[in-house]
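Everything on this sheet refers to the single structure shown next.
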Amino acid sequence: MSSIGHWIRAASEQLKQKISLEKEEAFREANLLCQQVLDVNRAWLITHDSDELLANEQAKIEALLQRRLAGEPIAYILGVREFYGLPLKTTPATLIPRPDTETLVEAALAKLPEGAALRVLDLGAGTGAVALAIAQNRPNAQVTAVDFSAEALSVAKENALNLSLAQVRLMQSDWFSCLQGEKFDLIVSNPPYIAENDEHLKQGDLRFEPITALASGEDGLNDIRRIIQEAPNYLNPNGWLMLEHGYDQAEKVAALLKLRGFSQVSHAQDLAGIQRVTFGRSC
């Protein structure tokens with residue numbers, strides 16, 4: 001049997017070589033796999049580096065490692081992903097929450113004064129990441145989140161309960177279809193925005209994620225066009241529409257917003273300095 005430290009170092013090297021992870025990320029993932037099976041935190045692993053793994057423990061960790069080496073996303077193996085400080089259950093029925101999408105949350109919070117009971121709509125809830133992060137940081141906001149997938153919505157509901165954010169209203173809906181007559185002060189969305197023939201869909205984590213949450217027509221903008229077209233019917237005067245999009249789509253999304261009559265069209269950059277979110281104000 002291996003010691004914990006020896007197993008982590010050996011697994012890190014395999015992850016680095018087999019799926020081309022950076023050294024630090026490979027080491028982090030190997031630690032996470034150990035933490036998952038042993039049900040301990042990172043500090044415990046450090047202080048028990050020389051402890052021997054039991055045979056059944058090593059077998060379980062090795063099984064998880066093989067799944068990761070086959071390319072399965074670490075978020076699906078662990079069943080959880082942290083987003084904006086919130087631990088979120090994550091399954092293959094949902095898109096994996098990513099740091100880029102925290103840009104959308106930051107942009108939304110900037111338009112939501114603390115203490116204001118404004119109405120917020122999240123289109124395409126997935127795990128509930130965006131809606132729950134907004135609700136956590138703006139407890140007076142009235143947050144609604146919708147998703148077409150019943151499976152994804154079930155995950156979002158579980159996350160809401162686990163985080164004691166059950167005040168978030170979660171509904172199954174094809175974008176706006178179940179929201180007739182309702183008005184919101186802010187609409188946010190991280191919709192599918194990858195072109196359906198994009199080679200990236202066959203690479204990395206994207207191979208395992210639900211295609212309906214990723215791809216949207218020949219240029220990736222079909223769902224964004226639909227949202228922009230319909231959103232004014234569901235926005236209060238001077239309400240905001242905010243959309244996450246691909247690294248090279250900012251200007252196209254801005255043009256679509258302007259064409260639909262939105263004003264004050266602008267962008268928010270992610271941590272890499274890429275224009276990741278585009279937003280505009282309704283008349």
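Lettering and numbering for the structure tokens are positional, with chains as A, B, ... in the shown order, residues counted from 1 in each chain, and ligands counted from 1 in the shown order.
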
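Using only C-alpha atoms, the contacts of stretch 44-60 of chain A at a cut-off of 12 Å, with sequence neighbours closer than 4 positions omitted, comprise Met1, Ser2, Ser3, Ile4, Gly5, His6, Trp7, Ile8, Arg9, Ala11, Arg28, Ala30, Asn31, Leu32, Leu33, Cys34, Gln35, Gln36, Val37, Leu38, Asp39, Val40, Leu64, Leu65, Gln66 and Arg67 of chain A.
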
Produce a table with one row for each residue of stretch 177-240 of chain A that has an atom at most 6 Å from any atom of stretch 265-283 of chain A, each row naming the nearest atom pair and its distance in Å at one decimal; use only C-alpha atoms; arrange rows by chain and rising residue number; format as JSON lines.
```
{"residue": "A:Pro237", "atom": "CA", "partner": "A:Cys283", "partner_atom": "CA", "distance": 5.6}
{"residue": "A:Asn238", "atom": "CA", "partner": "A:Ser282", "partner_atom": "CA", "distance": 4.9}
{"residue": "A:Gly239", "atom": "CA", "partner": "A:Ser282", "partner_atom": "CA", "distance": 5.3}
{"residue": "A:Trp240", "atom": "CA", "partner": "A:Arg281", "partner_atom": "CA", "distance": 4.5}
```

Residue selection dump (C-alpha atoms) as a PDB file, in the first residue's frame:
```
ATOM      1  CA  PRO A 237     -38.847  50.438 -17.727  1.00  0.00           C
ATOM      2  CA  ASN A 238     -35.102  51.031 -17.350  1.00  0.00           C
ATOM      3  CA  GLY A 239     -34.564  47.345 -16.552  1.00  0.00           C
ATOM      4  CA  TRP A 240     -31.329  45.599 -17.495  1.00  0.00           C
TER       5      TRP A 240
END
```

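Remark: for A:Gly124, the closest of the candidate residues A:Glu244, A:Leu78, A:Asn41, A:Arg68 is A:Glu244 (distances computed over only C-alpha atoms).
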
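Remark: for A:Asn137, the closest of the candidate residues A:Phe262, A:Phe208, A:Tyr84, A:Phe27 is A:Tyr84 (distances computed over only C-alpha atoms).
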
- Name the closest residue to A:Ala250 among the candidates A:Gln229, A:Ile96, A:Leu221, A:Ala26; distances are taken between atoms, counting only C-alpha atoms. A:Leu221

- Mind the document's chain letters and residue numbers, and return as JSON, numbers by chain the residues of stretch 42-280 of chain A that DSSP labels strand (DSSP E). {"A": [80, 81, 82, 83, 86, 87, 88, 89, 119, 120, 121, 122, 123, 142, 143, 144, 145, 146, 147, 169, 170, 171, 172, 184, 185, 186, 187, 188, 189, 235, 236, 237, 238, 239, 240, 241, 242, 243, 244, 263, 264, 265, 266, 267, 268, 269, 275, 276, 277, 278, 279, 280]}

How would the residues just chosen look if you wrote them out with N, CA and C atoms as a compact mmCIF listing (two decimals), in the first residue's frame?
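Done, and the output landed in again22.txt:
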```
# COMPACT_ATOMS: atom_id res chain seq x y z
N VAL A 80 -19.59 18.07 -6.82
CA VAL A 80 -19.73 19.42 -6.27
C VAL A 80 -18.73 20.35 -6.95
N ARG A 81 -19.10 21.62 -7.05
CA ARG A 81 -18.20 22.64 -7.56
C ARG A 81 -18.50 23.94 -6.82
N GLU A 82 -17.47 24.60 -6.37
CA GLU A 82 -17.66 25.88 -5.69
C GLU A 82 -17.85 26.99 -6.71
N PHE A 83 -18.81 27.87 -6.43
CA PHE A 83 -19.07 29.01 -7.31
C PHE A 83 -19.43 30.20 -6.46
N LEU A 86 -20.04 29.46 -2.96
CA LEU A 86 -21.12 28.54 -2.63
C LEU A 86 -20.79 27.13 -3.13
N PRO A 87 -20.90 26.10 -2.27
CA PRO A 87 -20.71 24.72 -2.74
C PRO A 87 -21.98 24.24 -3.44
N LEU A 88 -21.86 23.88 -4.70
CA LEU A 88 -23.03 23.51 -5.50
C LEU A 88 -22.95 22.07 -5.96
N LYS A 89 -24.02 21.32 -5.72
CA LYS A 89 -24.11 19.99 -6.31
C LYS A 89 -24.08 20.13 -7.82
N ARG A 119 -36.90 42.75 -8.69
CA ARG A 119 -37.22 41.43 -9.24
C ARG A 119 -36.14 41.03 -10.25
N VAL A 120 -35.60 39.84 -10.05
CA VAL A 120 -34.51 39.33 -10.87
C VAL A 120 -34.92 38.02 -11.50
N LEU A 121 -34.57 37.85 -12.78
CA LEU A 121 -34.84 36.60 -13.50
C LEU A 121 -33.54 36.04 -14.05
N ASP A 122 -33.29 34.75 -13.78
CA ASP A 122 -32.14 34.04 -14.33
C ASP A 122 -32.66 33.03 -15.34
N LEU A 123 -32.27 33.18 -16.59
CA LEU A 123 -32.70 32.29 -17.66
C LEU A 123 -31.64 31.21 -17.88
N GLN A 142 -36.06 39.62 -5.20
CA GLN A 142 -37.02 38.56 -5.49
C GLN A 142 -36.51 37.81 -6.73
N VAL A 143 -35.88 36.68 -6.51
CA VAL A 143 -35.16 35.98 -7.59
C VAL A 143 -35.98 34.81 -8.12
N THR A 144 -36.16 34.79 -9.45
CA THR A 144 -36.78 33.68 -10.16
C THR A 144 -35.74 33.09 -11.09
N ALA A 145 -35.69 31.77 -11.20
CA ALA A 145 -34.78 31.11 -12.13
C ALA A 145 -35.52 30.02 -12.88
N VAL A 146 -35.29 29.94 -14.18
CA VAL A 146 -35.97 28.93 -15.01
C VAL A 146 -34.96 28.10 -15.78
N ASP A 147 -35.37 26.89 -16.10
CA ASP A 147 -34.55 26.02 -16.94
C ASP A 147 -35.49 25.09 -17.70
N ARG A 169 -37.37 31.31 -6.45
CA ARG A 169 -38.44 30.60 -7.17
C ARG A 169 -37.83 29.91 -8.40
N LEU A 170 -37.97 28.61 -8.46
CA LEU A 170 -37.41 27.82 -9.56
C LEU A 170 -38.53 27.20 -10.37
N MET A 171 -38.50 27.40 -11.70
CA MET A 171 -39.58 26.97 -12.57
C MET A 171 -39.03 26.32 -13.83
N GLN A 172 -39.73 25.30 -14.33
CA GLN A 172 -39.38 24.72 -15.62
C GLN A 172 -40.01 25.56 -16.72
N PHE A 184 -39.65 42.14 -14.78
CA PHE A 184 -38.47 42.07 -13.92
C PHE A 184 -37.63 43.33 -14.09
N ASP A 185 -36.85 43.60 -13.07
CA ASP A 185 -35.95 44.76 -13.11
C ASP A 185 -34.60 44.39 -13.70
N LEU A 186 -34.26 43.12 -13.62
CA LEU A 186 -32.98 42.63 -14.14
C LEU A 186 -33.15 41.21 -14.63
N ILE A 187 -32.70 40.96 -15.86
CA ILE A 187 -32.69 39.60 -16.41
C ILE A 187 -31.25 39.24 -16.72
N VAL A 188 -30.81 38.09 -16.20
CA VAL A 188 -29.45 37.61 -16.47
C VAL A 188 -29.53 36.25 -17.13
N SER A 189 -28.52 35.93 -17.92
CA SER A 189 -28.51 34.60 -18.54
C SER A 189 -27.09 34.22 -18.95
N LEU A 235 -39.31 43.12 -19.16
CA LEU A 235 -38.52 44.05 -18.36
C LEU A 235 -39.34 45.27 -17.98
N ASN A 236 -39.17 45.72 -16.75
CA ASN A 236 -39.73 47.00 -16.34
C ASN A 236 -38.98 48.13 -17.04
N PRO A 237 -39.57 49.30 -17.14
CA PRO A 237 -38.85 50.44 -17.73
C PRO A 237 -37.50 50.63 -17.04
N ASN A 238 -36.47 50.85 -17.84
CA ASN A 238 -35.10 51.03 -17.35
C ASN A 238 -34.51 49.77 -16.73
N GLY A 239 -35.12 48.60 -17.02
CA GLY A 239 -34.56 47.34 -16.55
C GLY A 239 -33.35 46.94 -17.38
N TRP A 240 -32.57 46.02 -16.84
CA TRP A 240 -31.33 45.60 -17.50
C TRP A 240 -31.41 44.15 -17.97
N LEU A 241 -30.80 43.90 -19.13
CA LEU A 241 -30.59 42.54 -19.63
C LEU A 241 -29.09 42.30 -19.70
N MET A 242 -28.62 41.21 -19.08
CA MET A 242 -27.20 40.87 -19.05
C MET A 242 -26.98 39.47 -19.58
N LEU A 243 -26.05 39.34 -20.50
CA LEU A 243 -25.81 38.06 -21.16
C LEU A 243 -24.33 37.68 -21.13
N GLU A 244 -24.05 36.47 -20.63
CA GLU A 244 -22.70 35.93 -20.81
C GLU A 244 -22.60 35.38 -22.23
N SER A 263 -30.42 50.59 -24.61
CA SER A 263 -29.49 51.71 -24.51
C SER A 263 -28.41 51.39 -23.49
N GLN A 264 -27.43 52.26 -23.36
CA GLN A 264 -26.33 52.12 -22.41
C GLN A 264 -25.67 50.74 -22.52
N VAL A 265 -25.53 50.27 -23.73
CA VAL A 265 -24.94 48.95 -23.97
C VAL A 265 -23.46 48.98 -23.61
N SER A 266 -23.03 48.02 -22.80
CA SER A 266 -21.64 47.99 -22.36
C SER A 266 -21.23 46.55 -22.08
N HIS A 267 -19.97 46.40 -21.61
CA HIS A 267 -19.41 45.07 -21.39
C HIS A 267 -18.77 44.98 -20.01
N ALA A 268 -18.64 43.76 -19.52
CA ALA A 268 -17.87 43.47 -18.31
C ALA A 268 -16.83 42.42 -18.65
N GLN A 269 -15.61 42.62 -18.15
CA GLN A 269 -14.51 41.72 -18.47
C GLN A 269 -14.31 40.67 -17.39
N GLN A 275 -13.90 40.39 -22.72
CA GLN A 275 -15.28 40.89 -22.59
C GLN A 275 -16.22 39.68 -22.57
N ARG A 276 -16.67 39.32 -21.38
CA ARG A 276 -17.40 38.07 -21.17
C ARG A 276 -18.90 38.28 -21.02
N VAL A 277 -19.31 39.49 -20.59
CA VAL A 277 -20.72 39.81 -20.37
C VAL A 277 -21.06 41.10 -21.09
N THR A 278 -22.19 41.10 -21.78
CA THR A 278 -22.66 42.33 -22.44
C THR A 278 -24.06 42.62 -21.93
N PHE A 279 -24.33 43.90 -21.68
CA PHE A 279 -25.63 44.25 -21.10
C PHE A 279 -26.14 45.57 -21.66
N GLY A 280 -27.46 45.74 -21.55
CA GLY A 280 -28.09 46.96 -22.01
C GLY A 280 -29.35 47.24 -21.20
```

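Picture a line from atom CA of A:Gly204 to atom CA of A:Gly71; it runs 6.6 Å.
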
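Interatomic distance, atom CA of A:Gln136 to atom CA of A:Gly85: 9.9 Å.
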
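Separating atom CA of A:Trp175 from atom CA of A:Arg226 is a distance of 8.8 Å.
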
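Minimum atom-to-atom distances from A:Glu230, A:Gly128, A:Ala160, A:Gln249 to A:Gly261 were compared using only C-alpha atoms, and the lowest value belongs to A:Glu230.
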